[in-house]
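Student: Next comes final.cif, mmCIF, C-alpha atoms:
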data_protein
loop_
_atom_site.label_atom_id
_atom_site.label_comp_id
_atom_site.auth_asym_id
_atom_site.auth_seq_id
_atom_site.Cartn_x
_atom_site.Cartn_y
_atom_site.Cartn_z
CA MET A 1 50.35 3.92 -8.38
CA ASN A 2 48.50 7.11 -7.42
CA THR A 3 51.06 9.76 -6.37
CA LYS A 4 50.25 13.37 -5.61
CA ILE A 5 53.45 15.08 -6.67
CA SER A 6 55.35 15.00 -9.96
CA THR A 7 58.96 15.15 -11.09
CA ARG A 8 58.74 18.93 -11.39
CA HIS A 9 58.13 19.10 -7.64
CA MET A 10 61.11 16.82 -7.06
CA GLN A 11 63.29 18.99 -9.31
CA MET A 12 62.13 21.99 -7.28
CA MET A 13 63.22 20.33 -4.00
CA VAL A 14 66.69 19.55 -5.35
CA ALA A 15 67.17 22.98 -6.92
CA ILE A 16 66.25 24.79 -3.69
CA ALA A 17 68.51 22.54 -1.60
CA ASP A 18 71.48 23.03 -3.94
CA ALA A 19 71.07 26.77 -4.50
CA SER A 20 72.38 29.54 -2.28
CA SER A 21 69.19 31.57 -2.64
CA VAL A 22 65.59 31.40 -3.86
CA ALA A 23 66.53 33.56 -6.84
CA GLU A 24 69.29 31.11 -7.86
CA ALA A 25 66.93 28.13 -7.49
CA ALA A 26 64.32 29.85 -9.66
CA GLN A 27 66.91 30.63 -12.32
CA THR A 28 68.10 27.00 -12.33
CA LEU A 29 64.54 25.83 -12.97
CA GLY A 30 63.85 28.52 -15.57
CA LEU A 31 61.13 30.08 -13.41
CA THR A 32 60.43 33.45 -11.89
CA GLN A 33 60.58 33.68 -8.10
CA SER A 34 56.81 34.10 -8.07
CA ALA A 35 56.32 30.93 -10.12
CA LEU A 36 58.66 29.03 -7.80
CA SER A 37 56.68 30.19 -4.76
CA HIS A 38 53.47 28.96 -6.41
CA ARG A 39 55.08 25.58 -7.09
CA ILE A 40 56.16 25.26 -3.45
CA LYS A 41 52.66 26.10 -2.27
CA GLU A 42 51.20 23.61 -4.73
CA ALA A 43 53.40 20.79 -3.38
CA GLU A 44 52.59 21.74 0.22
CA ARG A 45 48.86 21.77 -0.60
CA LEU A 46 49.04 18.36 -2.28
CA LEU A 47 50.95 16.85 0.66
CA ASN A 48 49.04 18.82 3.30
CA THR A 49 52.23 19.84 5.12
CA GLU A 50 54.88 22.53 5.09
CA LEU A 51 58.06 21.63 3.23
CA PHE A 52 60.18 24.67 4.13
CA TYR A 53 60.83 27.14 6.90
CA ARG A 54 61.07 30.64 5.51
CA LYS A 55 63.60 32.95 7.18
CA HIS A 56 65.60 35.88 5.79
CA LYS A 57 64.85 34.94 2.16
CA LYS A 58 66.31 31.47 2.79
CA LEU A 59 64.30 28.25 2.54
CA THR A 60 65.24 25.48 4.96
CA PRO A 61 63.59 22.04 4.59
CA THR A 62 61.30 20.89 7.39
CA SER A 63 61.39 17.24 8.45
CA ALA A 64 58.84 16.49 5.74
CA GLY A 65 60.90 18.51 3.26
CA LYS A 66 64.06 16.59 4.10
CA ARG A 67 62.23 13.31 3.55
CA LEU A 68 60.93 14.45 0.18
CA LEU A 69 64.34 15.83 -0.80
CA HIS A 70 66.01 12.48 -0.05
CA SER A 71 63.51 10.59 -2.22
CA SER A 72 63.68 13.24 -4.95
CA ARG A 73 67.43 12.82 -5.33
CA LEU A 74 67.11 9.04 -5.56
CA ILE A 75 64.20 9.06 -8.00
CA LEU A 76 65.58 11.76 -10.28
CA GLY A 77 68.98 10.08 -10.30
CA GLU A 78 67.42 6.76 -11.29
CA LEU A 79 65.34 8.43 -14.02
CA GLU A 80 68.47 10.06 -15.43
CA ARG A 81 70.31 6.73 -15.45
CA ALA A 82 67.32 5.03 -17.11
CA GLU A 83 67.28 7.64 -19.88
CA GLN A 84 71.01 7.19 -20.42
CA ASP A 85 70.63 3.40 -20.56
CA ILE A 86 67.74 3.62 -23.04
CA ASN A 87 69.77 5.99 -25.20
CA LYS A 88 72.62 3.45 -25.26
CA LEU A 89 70.21 0.72 -26.37
CA SER A 90 69.64 2.69 -29.57
CA VAL A 91 73.34 2.32 -30.47
CA GLY A 92 73.69 -1.37 -29.60
CA ILE A 93 74.66 -1.12 -25.90
CA GLU A 94 72.52 -3.64 -24.00
CA HIS A 95 74.02 -3.29 -20.51
CA VAL A 96 75.86 -0.63 -18.52
CA VAL A 97 78.25 -1.40 -15.65
CA ARG A 98 78.80 1.56 -13.33
CA LEU A 99 82.17 1.64 -11.60
CA GLY A 100 82.94 3.66 -8.49
CA ASN A 101 86.52 4.40 -7.43
CA GLU A 102 87.54 5.68 -4.01
CA SER A 103 89.44 8.95 -3.65
CA TYR A 104 92.79 7.13 -3.29
CA GLY A 105 92.33 5.27 -6.56
CA GLY A 106 93.60 6.31 -10.00
CA TYR A 107 92.45 5.49 -13.53
CA HIS A 108 95.72 4.77 -15.34
CA TRP A 109 94.79 1.07 -15.37
CA LEU A 110 91.38 1.63 -17.02
CA PRO A 111 92.23 1.91 -20.75
CA ALA A 112 93.93 -1.49 -20.89
CA CYS A 113 91.03 -3.07 -19.05
CA LEU A 114 88.39 -1.46 -21.28
CA THR A 115 90.27 -2.50 -24.43
CA ALA A 116 90.27 -6.14 -23.35
CA PHE A 117 86.69 -6.04 -22.07
CA THR A 118 85.01 -4.33 -25.04
CA ARG A 119 86.78 -6.69 -27.43
CA ASN A 120 85.00 -9.63 -25.76
CA TYR A 121 81.76 -7.87 -24.77
CA PRO A 122 80.97 -5.08 -27.26
CA SER A 123 77.35 -4.76 -26.08
CA ILE A 124 78.37 -3.94 -22.47
CA SER A 125 79.33 -0.35 -21.66
CA VAL A 126 81.34 0.73 -18.61
CA GLU A 127 80.78 4.11 -16.95
CA ILE A 128 82.83 5.81 -14.25
CA ILE A 129 80.66 7.47 -11.59
CA PRO A 130 82.92 10.27 -10.32
CA ASP A 131 81.11 11.65 -7.27
CA VAL A 132 81.14 8.57 -5.00
CA SER A 133 84.84 8.54 -4.10
CA LEU A 134 84.36 9.48 -0.43
CA ASP A 135 81.73 6.81 0.20
CA PRO A 136 81.66 4.05 -2.44
CA TYR A 137 80.03 1.65 0.04
CA THR A 138 76.81 3.67 0.31
CA ALA A 139 76.79 4.18 -3.47
CA LEU A 140 77.07 0.41 -3.96
CA ARG A 141 74.32 -0.36 -1.45
CA SER A 142 71.94 2.18 -3.03
CA GLY A 143 72.57 0.95 -6.58
CA ARG A 144 74.26 4.11 -7.87
CA ILE A 145 77.22 1.92 -8.83
CA ASP A 146 77.54 -1.79 -9.57
CA LEU A 147 81.21 -2.30 -8.75
CA ALA A 148 83.60 -0.49 -6.40
CA LEU A 149 87.40 -0.42 -6.36
CA VAL A 150 88.54 0.19 -2.77
CA SER A 151 91.64 -0.21 -0.65
CA GLY A 152 92.60 -0.32 3.01
CA GLY A 153 91.68 -2.99 5.53
CA GLN A 154 89.11 -5.73 5.21
CA PRO A 155 85.91 -4.37 3.53
CA PRO A 156 82.77 -4.06 5.69
CA GLU A 157 80.13 -6.78 5.88
CA GLY A 158 77.32 -6.89 3.37
CA PHE A 159 79.34 -7.11 0.15
CA THR A 160 81.03 -9.74 -1.95
CA HIS A 161 84.68 -8.79 -2.28
CA ARG A 162 87.57 -10.03 -4.37
CA TRP A 163 91.14 -9.34 -3.25
CA LEU A 164 93.48 -8.03 -5.95
CA PHE A 165 96.88 -7.42 -4.37
CA ARG A 166 98.82 -5.90 -1.48
CA ASP A 167 100.24 -2.44 -2.07
CA GLU A 168 102.84 -0.37 -0.23
CA MET A 169 101.98 3.15 0.88
CA ARG A 170 104.94 5.45 0.24
CA LEU A 171 105.88 8.88 1.54
CA VAL A 172 105.75 11.34 -1.38
CA MET A 173 107.91 14.48 -1.43
CA PRO A 174 109.26 16.92 -4.01
CA GLU A 175 112.62 16.19 -5.59
CA GLY A 176 115.32 17.95 -3.60
CA HIS A 177 113.44 17.74 -0.30
CA ALA A 178 115.55 17.36 2.86
CA LEU A 179 114.21 13.81 3.33
CA ALA A 180 114.78 12.77 -0.30
CA GLY A 181 117.28 9.96 -0.66
CA LYS A 182 116.43 8.31 2.67
CA GLN A 183 115.37 4.69 2.43
CA TRP A 184 112.75 5.15 5.09
CA VAL A 185 111.27 8.00 7.16
CA ASP A 186 109.83 7.75 10.67
CA ALA A 187 106.55 9.16 11.98
CA ALA A 188 108.14 12.11 13.79
CA GLU A 189 109.84 13.37 10.62
CA ILE A 190 106.56 13.22 8.69
CA ALA A 191 104.51 14.86 11.45
CA ALA A 192 107.01 17.73 11.81
CA GLY A 193 105.76 19.52 8.69
CA THR A 194 102.65 20.11 6.56
CA TYR A 195 100.76 17.00 5.51
CA VAL A 196 98.73 17.13 2.28
CA THR A 197 95.69 14.84 2.26
CA TYR A 198 92.46 14.17 0.39
CA HIS A 199 90.23 15.00 3.34
CA THR A 200 90.56 15.44 7.08
CA THR A 201 88.32 12.51 8.07
CA PRO A 202 90.62 9.56 8.94
CA SER A 203 90.15 6.52 6.68
CA LYS A 204 90.18 3.09 8.27
CA GLY A 205 93.27 1.00 7.64
CA ARG A 206 95.37 3.83 6.22
CA GLU A 207 98.14 6.14 7.40
CA TYR A 208 96.19 7.70 10.26
CA GLU A 209 95.49 4.32 11.82
CA GLN A 210 98.79 2.63 10.91
CA LEU A 211 101.11 5.59 11.56
CA PHE A 212 99.80 8.72 13.27
CA SER A 213 97.47 6.97 15.72
CA ARG A 214 99.97 4.19 16.38
CA TYR A 215 102.76 6.62 17.30
CA ARG A 216 100.38 9.10 18.95
CA MET A 217 101.35 12.11 16.90
CA LEU A 218 99.70 14.28 14.27
CA PRO A 219 101.15 16.58 11.58
CA VAL A 220 101.63 20.15 12.75
CA ARG A 221 99.51 21.32 9.80
CA VAL A 222 97.12 19.53 7.46
CA LEU A 223 96.29 20.78 3.97
CA ARG A 224 93.20 19.24 2.38
CA ALA A 225 93.31 18.96 -1.41
CA GLY A 226 90.34 16.71 -2.29
CA VAL A 227 91.60 14.77 -5.33
CA THR A 228 94.78 12.94 -6.30
CA GLU A 229 95.85 15.45 -8.95
CA ALA A 230 95.63 18.34 -6.46
CA VAL A 231 97.47 16.41 -3.74
CA ILE A 232 100.34 15.57 -6.12
CA ALA A 233 100.48 19.12 -7.51
CA LEU A 234 100.82 20.63 -4.04
CA VAL A 235 103.49 18.13 -3.00
CA ARG A 236 105.41 18.64 -6.24
CA GLU A 237 105.50 22.40 -5.61
CA GLY A 238 106.75 21.98 -2.04
CA PHE A 239 103.60 22.73 -0.03
CA GLY A 240 103.96 19.56 2.06
CA LEU A 241 104.29 15.77 2.07
CA THR A 242 101.75 13.02 1.59
CA ILE A 243 101.43 9.24 1.81
CA MET A 244 99.91 7.44 -1.15
CA PRO A 245 99.57 3.87 -2.52
CA THR A 246 102.24 2.87 -5.04
CA TRP A 247 99.63 1.80 -7.61
CA THR A 248 98.01 5.25 -7.50
CA LEU A 249 101.40 6.96 -7.63
CA GLN A 250 102.69 5.12 -10.70
CA PRO A 251 101.76 7.62 -13.47
CA TYR A 252 102.78 10.65 -11.38
CA LEU A 253 106.23 9.24 -10.67
CA GLU A 254 106.75 8.85 -14.40
CA GLN A 255 106.00 12.57 -14.85
CA GLY A 256 108.86 13.50 -12.51
CA GLY A 257 109.16 16.22 -9.89
CA ILE A 258 108.46 13.91 -6.94
CA THR A 259 110.24 11.08 -5.19
CA THR A 260 109.26 8.56 -2.52
CA ALA A 261 110.54 6.77 0.57
CA ARG A 262 109.32 3.92 2.74
CA VAL A 263 107.21 4.94 5.74
CA THR A 264 108.95 3.55 8.85
CA GLU A 265 111.52 0.79 8.53
CA GLU A 266 108.91 -1.96 8.17
CA GLY A 267 106.69 0.00 5.74
CA LEU A 268 102.92 0.64 5.52
CA TYR A 269 100.73 -1.69 3.47
CA ILE A 270 97.13 -1.81 2.26
CA ASP A 271 95.08 -4.24 0.17
CA TRP A 272 93.09 -3.49 -2.97
CA TYR A 273 89.63 -5.06 -3.39
CA LEU A 274 86.78 -5.16 -5.88
CA LEU A 275 83.34 -5.06 -4.27
CA THR A 276 79.90 -6.00 -5.56
CA ARG A 277 76.54 -6.44 -3.89
CA LYS A 278 75.93 -9.91 -2.49
CA ASP A 279 73.07 -10.55 -4.92
CA GLU A 280 75.27 -9.94 -8.01
CA ARG A 281 75.35 -13.01 -10.25
CA PRO A 282 78.76 -14.19 -11.53
CA ASP A 283 77.44 -14.32 -15.13
CA SER A 284 75.95 -10.80 -15.04
CA PRO A 285 77.59 -7.91 -16.98
CA THR A 286 79.07 -6.70 -13.70
CA GLY A 287 80.38 -10.18 -12.95
CA LYS A 288 82.04 -10.34 -16.37
CA PHE A 289 83.74 -6.96 -15.88
CA LEU A 290 84.84 -8.09 -12.42
CA ASP A 291 86.47 -11.16 -13.97
CA CYS A 292 88.24 -8.99 -16.54
CA LEU A 293 89.71 -6.71 -13.87
CA THR A 294 90.73 -9.69 -11.77
CA CYS A 295 92.52 -11.40 -14.66
CA LEU A 296 94.49 -8.24 -15.43
CA TYR A 297 95.46 -7.14 -11.92
CA GLN A 298 95.08 -9.91 -9.35
CA GLN A 299 98.44 -11.09 -7.98
CA PRO A 300 99.19 -14.56 -6.57
CA VAL A 301 98.50 -14.86 -2.85
CA LEU A 302 102.03 -15.38 -1.49
CA PRO A 303 102.80 -15.79 2.22
CA ASP A 304 103.93 -12.17 2.51
CA THR A 305 100.96 -10.76 0.54
CA GLN A 306 98.06 -12.20 2.50
CA PRO A 307 95.02 -9.90 2.68
CA THR A 308 94.67 -7.85 5.83
CA THR A 309 92.26 -9.27 8.40
CA LYS A 310 90.70 -7.06 11.03
#
Mind converting the file's structure to structure tokens?
Tutor:
Amino acid sequence: MNTKISTRHMQMMVAIADASSVAEAAQTLGLTQSALSHRIKEAERLLNTELFYRKHKKLTPTSAGKRLLHSSRLILGELERAEQDINKLSVGIEHVVRLGNESYGGYHWLPACLTAFTRNYPSISVEIIPDVSLDPYTALRSGRIDLALVSGGQPPEGFTHRWLFRDEMRLVMPEGHALAGKQWVDAAEIAAGTYVTYHTTPSKGREYEQLFSRYRMLPVRVLRAGVTEAVIALVREGFGLTIMPTWTLQPYLEQGGITTARVTEEGLYIDWYLLTRKDERPDSPTGKFLDCLTCLYQQPVLPDTQPTTK
């Protein structure tokens, strides 16, 4: 394959896109600003097109630049993963399964699973890919991860999914809160104060759809915290309330400082799923890890725990 640009040009595209200034991008690459300018011009000459607009010492990708940046991230990411995989081969690891977990998921279940899995498959390594929590579906489609743990309603088309169990979403509040001790809390009581959440984009099948949208009301104030630990810390210190799956909550309840109540009299429920790409073979390393997770955590499908259908 005869390509005109090299990985150093790709690294340049990513560094410029991620930096706040040309000087910062040059420093990241270990270059002077003059050397970085020469590298940009070299790439533009090789591709016979401009890659950046230059305005007020800021470089903004052109349409061609955006296209190259997209490919650069994918190619450099795959090269990094290949190097990591090859390095593992030198210590007896023949396969790597990459697991993605959505923002609502925790990891308290992982040690027990890894202990059981590595005992049976010592040559298969499992890695957690941490930066796919907001969109594990795209990460799975693109090959950044091999297996995704997700929850909510029925997963989208295009994946093979395995249902694990139905989970209740509980209202979380600090101990001593005015609502503490109630068996259940209605939508109006929750919406009356500050609501602490992972992000402000509503997730399908969760509290926005089942509660706030259903009762046509929104919290008076929303505080975005990003990750589970931050959400729990803010709730524990009295900054607001949140709604979270019981499975995710388990280790934080054991630490104390928070308590829970049912959301509405009938409760809010979600389903947990494991997702793989449709072309994943059952006997592949990913398929074996999927079976291990299923054996540990899948619950019997009882009449009142049927997966959600939408």
Student: CA of Ala15 in chain A to CA of Ala43 in chain A: how many Å, to one decimal?
Tutor: 14.4 Å
Student: Give me the range 246-292 of chain A side of the contact with range 228-241 of chain A, cut-off 12 Å, one line per residue showing its nearest atom pair and distance in Å at one decimal, counting all atoms listed in the file, sorted by chain and residue number, as CSV.
Tutor:
residue,atom,partner,partner_atom,distance
A:Thr248,CA,A:Thr228,CA,8.4
A:Leu249,CA,A:Ile232,CA,8.8
A:Gln250,CA,A:Ile232,CA,11.6
A:Pro251,CA,A:Glu229,CA,10.8
A:Tyr252,CA,A:Ile232,CA,7.6
A:Leu253,CA,A:Ile232,CA,9.8
A:Gln255,CA,A:Arg236,CA,10.6
A:Gly256,CA,A:Arg236,CA,8.8
A:Gly257,CA,A:Arg236,CA,5.8
A:Ile258,CA,A:Arg236,CA,5.7
A:Thr259,CA,A:Arg236,CA,9.0
A:Thr260,CA,A:Leu241,CA,9.9
A:Ala261,CA,A:Leu241,CA,11.1
A:Val263,CA,A:Leu241,CA,11.8
Student: Which residues are near Tyr104 in chain A? Cut-off 9 Å, only C-alpha atoms, ignore same chain within fewer than 4 positions. Put them as number ranges by chain.
Tutor: A: 133, 150-151, 198, 227-228, 244-245, 248
Student: Starting from the displayed file, determine the output of the PyMOL selection byres ((chain A and resi 286-288) around 12) and express the residue list as an MDAnalysis selection string.
Tutor: chainID A and resid 95:99 113:114 116:118 120:121 124:127 145:148 160:162 274:285 289:295
Student: Report the distance between CA of Glu207 in chain A and CA of Gly158 in chain A in Å, rounded to one decimal place.
Tutor: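 Taking CA of Glu207 in chain A as the start and CA of Gly158 in chain A as the end point, the length is 24.9 Å.
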Student: By how many Å are CA of Thr264 in chain A and CA of Ala187 in chain A apart?
Tutor: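 Distance between the two atoms: 6.9 Å.
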Student: Counting only C-alpha atoms, find residues at most 7 Å from (99.0, -1.1, 2.2) (file frame) and give them as an MDAnalysis selection string.
Tutor: chainID A and resid 152 166:169 245 268:271
Student: For the structure shown, which residues end up in the PyMOL selection byres ((chain A and resi 9) around 10)? Put them as a list in words, please?
Tutor: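 This file, filtered by the PyMOL selection byres ((chain A and resi 9) around 10), leaves Lys4, Ile5, Ser6, Thr7, Arg8, Met10, Gln11, Met12, Met13, Val14, Ala15, Leu36, Arg39, Ile40, Glu42, Ala43, Glu44, Leu68, Leu69 and Ser72 of chain A.
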Student: Taking the block above, write range 63-74 of chain A with all heavy atoms as an mmCIF file, in the first residue's frame.
Tutor:
data_model
loop_
_atom_site.group_PDB
_atom_site.id
_atom_site.type_symbol
_atom_site.label_atom_id
_atom_site.label_comp_id
_atom_site.auth_asym_id
_atom_site.auth_seq_id
_atom_site.Cartn_x
_atom_site.Cartn_y
_atom_site.Cartn_z
ATOM 1 N N SER A 63 -12.315 20.698 6.097
ATOM 2 C CA SER A 63 -13.040 19.431 5.878
ATOM 3 C C SER A 63 -12.058 18.294 5.645
ATOM 4 O O SER A 63 -12.234 17.185 6.169
ATOM 5 C CB SER A 63 -13.984 19.573 4.675
ATOM 6 O OG SER A 63 -14.995 20.511 4.940
ATOM 7 N N ALA A 64 -11.014 18.568 4.884
ATOM 8 C CA ALA A 64 -9.984 17.543 4.649
ATOM 9 C C ALA A 64 -9.258 17.221 5.951
ATOM 10 O O ALA A 64 -8.943 16.055 6.244
ATOM 11 C CB ALA A 64 -8.991 18.028 3.597
ATOM 12 N N GLY A 65 -8.993 18.255 6.758
ATOM 13 C CA GLY A 65 -8.327 18.047 8.036
ATOM 14 C C GLY A 65 -9.157 17.206 8.983
ATOM 15 O O GLY A 65 -8.634 16.337 9.696
ATOM 16 N N LYS A 66 -10.467 17.453 9.019
ATOM 17 C CA LYS A 66 -11.347 16.667 9.875
ATOM 18 C C LYS A 66 -11.358 15.202 9.455
ATOM 19 O O LYS A 66 -11.388 14.295 10.294
ATOM 20 C CB LYS A 66 -12.767 17.231 9.833
ATOM 21 C CG LYS A 66 -12.910 18.595 10.510
ATOM 22 C CD LYS A 66 -14.324 19.132 10.375
ATOM 23 C CE LYS A 66 -14.453 20.500 11.028
ATOM 24 N NZ LYS A 66 -15.813 21.070 10.843
ATOM 25 N N ARG A 67 -11.331 14.969 8.135
ATOM 26 C CA ARG A 67 -11.319 13.595 7.644
ATOM 27 C C ARG A 67 -10.028 12.878 8.038
ATOM 28 O O ARG A 67 -10.047 11.715 8.477
ATOM 29 C CB ARG A 67 -11.467 13.590 6.115
ATOM 30 C CG ARG A 67 -11.433 12.197 5.482
ATOM 31 C CD ARG A 67 -12.624 11.376 5.945
ATOM 32 N NE ARG A 67 -12.617 10.043 5.388
ATOM 33 C CZ ARG A 67 -11.978 9.002 5.922
ATOM 34 N NH1 ARG A 67 -11.293 9.165 7.046
ATOM 35 N NH2 ARG A 67 -12.026 7.820 5.363
ATOM 36 N N LEU A 68 -8.907 13.586 7.905
ATOM 37 C CA LEU A 68 -7.632 12.995 8.282
ATOM 38 C C LEU A 68 -7.541 12.793 9.798
ATOM 39 O O LEU A 68 -7.009 11.777 10.260
ATOM 40 C CB LEU A 68 -6.480 13.886 7.798
ATOM 41 C CG LEU A 68 -5.065 13.376 8.110
ATOM 42 C CD1 LEU A 68 -4.845 11.992 7.516
ATOM 43 C CD2 LEU A 68 -4.021 14.358 7.578
ATOM 44 N N LEU A 69 -8.081 13.732 10.560
ATOM 45 C CA LEU A 69 -8.067 13.611 12.019
ATOM 46 C C LEU A 69 -8.848 12.382 12.462
ATOM 47 O O LEU A 69 -8.399 11.629 13.343
ATOM 48 C CB LEU A 69 -8.658 14.869 12.645
ATOM 49 C CG LEU A 69 -8.860 14.845 14.166
ATOM 50 C CD1 LEU A 69 -7.521 14.670 14.883
ATOM 51 C CD2 LEU A 69 -9.571 16.112 14.632
ATOM 52 N N HIS A 70 -10.011 12.163 11.873
ATOM 53 C CA HIS A 70 -10.830 10.999 12.224
ATOM 54 C C HIS A 70 -10.056 9.705 11.981
ATOM 55 O O HIS A 70 -9.998 8.825 12.854
ATOM 56 C CB HIS A 70 -12.115 11.006 11.400
ATOM 57 C CG HIS A 70 -12.967 9.784 11.575
ATOM 58 N ND1 HIS A 70 -13.681 9.526 12.723
ATOM 59 C CD2 HIS A 70 -13.182 8.722 10.743
ATOM 60 C CE1 HIS A 70 -14.314 8.370 12.601
ATOM 61 N NE2 HIS A 70 -14.034 7.870 11.411
ATOM 62 N N SER A 71 -9.440 9.584 10.808
ATOM 63 C CA SER A 71 -8.673 8.380 10.489
ATOM 64 C C SER A 71 -7.441 8.251 11.371
ATOM 65 O O SER A 71 -7.060 7.145 11.774
ATOM 66 C CB SER A 71 -8.257 8.404 9.015
ATOM 67 O OG SER A 71 -9.380 8.308 8.170
ATOM 68 N N SER A 72 -6.819 9.388 11.694
ATOM 69 C CA SER A 72 -5.618 9.360 12.532
ATOM 70 C C SER A 72 -5.919 8.791 13.904
ATOM 71 O O SER A 72 -5.149 7.984 14.438
ATOM 72 C CB SER A 72 -5.046 10.776 12.668
ATOM 73 O OG SER A 72 -4.622 11.278 11.414
ATOM 74 N N ARG A 73 -7.033 9.211 14.489
ATOM 75 C CA ARG A 73 -7.391 8.685 15.811
ATOM 76 C C ARG A 73 -7.615 7.173 15.757
ATOM 77 O O ARG A 73 -7.177 6.430 16.648
ATOM 78 C CB ARG A 73 -8.641 9.386 16.334
ATOM 79 C CG ARG A 73 -8.444 10.857 16.700
ATOM 80 C CD ARG A 73 -9.650 11.373 17.484
ATOM 81 N NE ARG A 73 -9.605 12.797 17.700
ATOM 82 C CZ ARG A 73 -8.913 13.397 18.660
ATOM 83 N NH1 ARG A 73 -8.167 12.671 19.480
ATOM 84 N NH2 ARG A 73 -8.956 14.709 18.811
ATOM 85 N N LEU A 74 -8.311 6.710 14.731
ATOM 86 C CA LEU A 74 -8.587 5.280 14.608
ATOM 87 C C LEU A 74 -7.302 4.484 14.395
ATOM 88 O O LEU A 74 -7.074 3.460 15.047
ATOM 89 C CB LEU A 74 -9.550 5.030 13.441
ATOM 90 C CG LEU A 74 -10.978 5.540 13.606
ATOM 91 C CD1 LEU A 74 -11.770 5.286 12.326
ATOM 92 C CD2 LEU A 74 -11.662 4.877 14.788
#
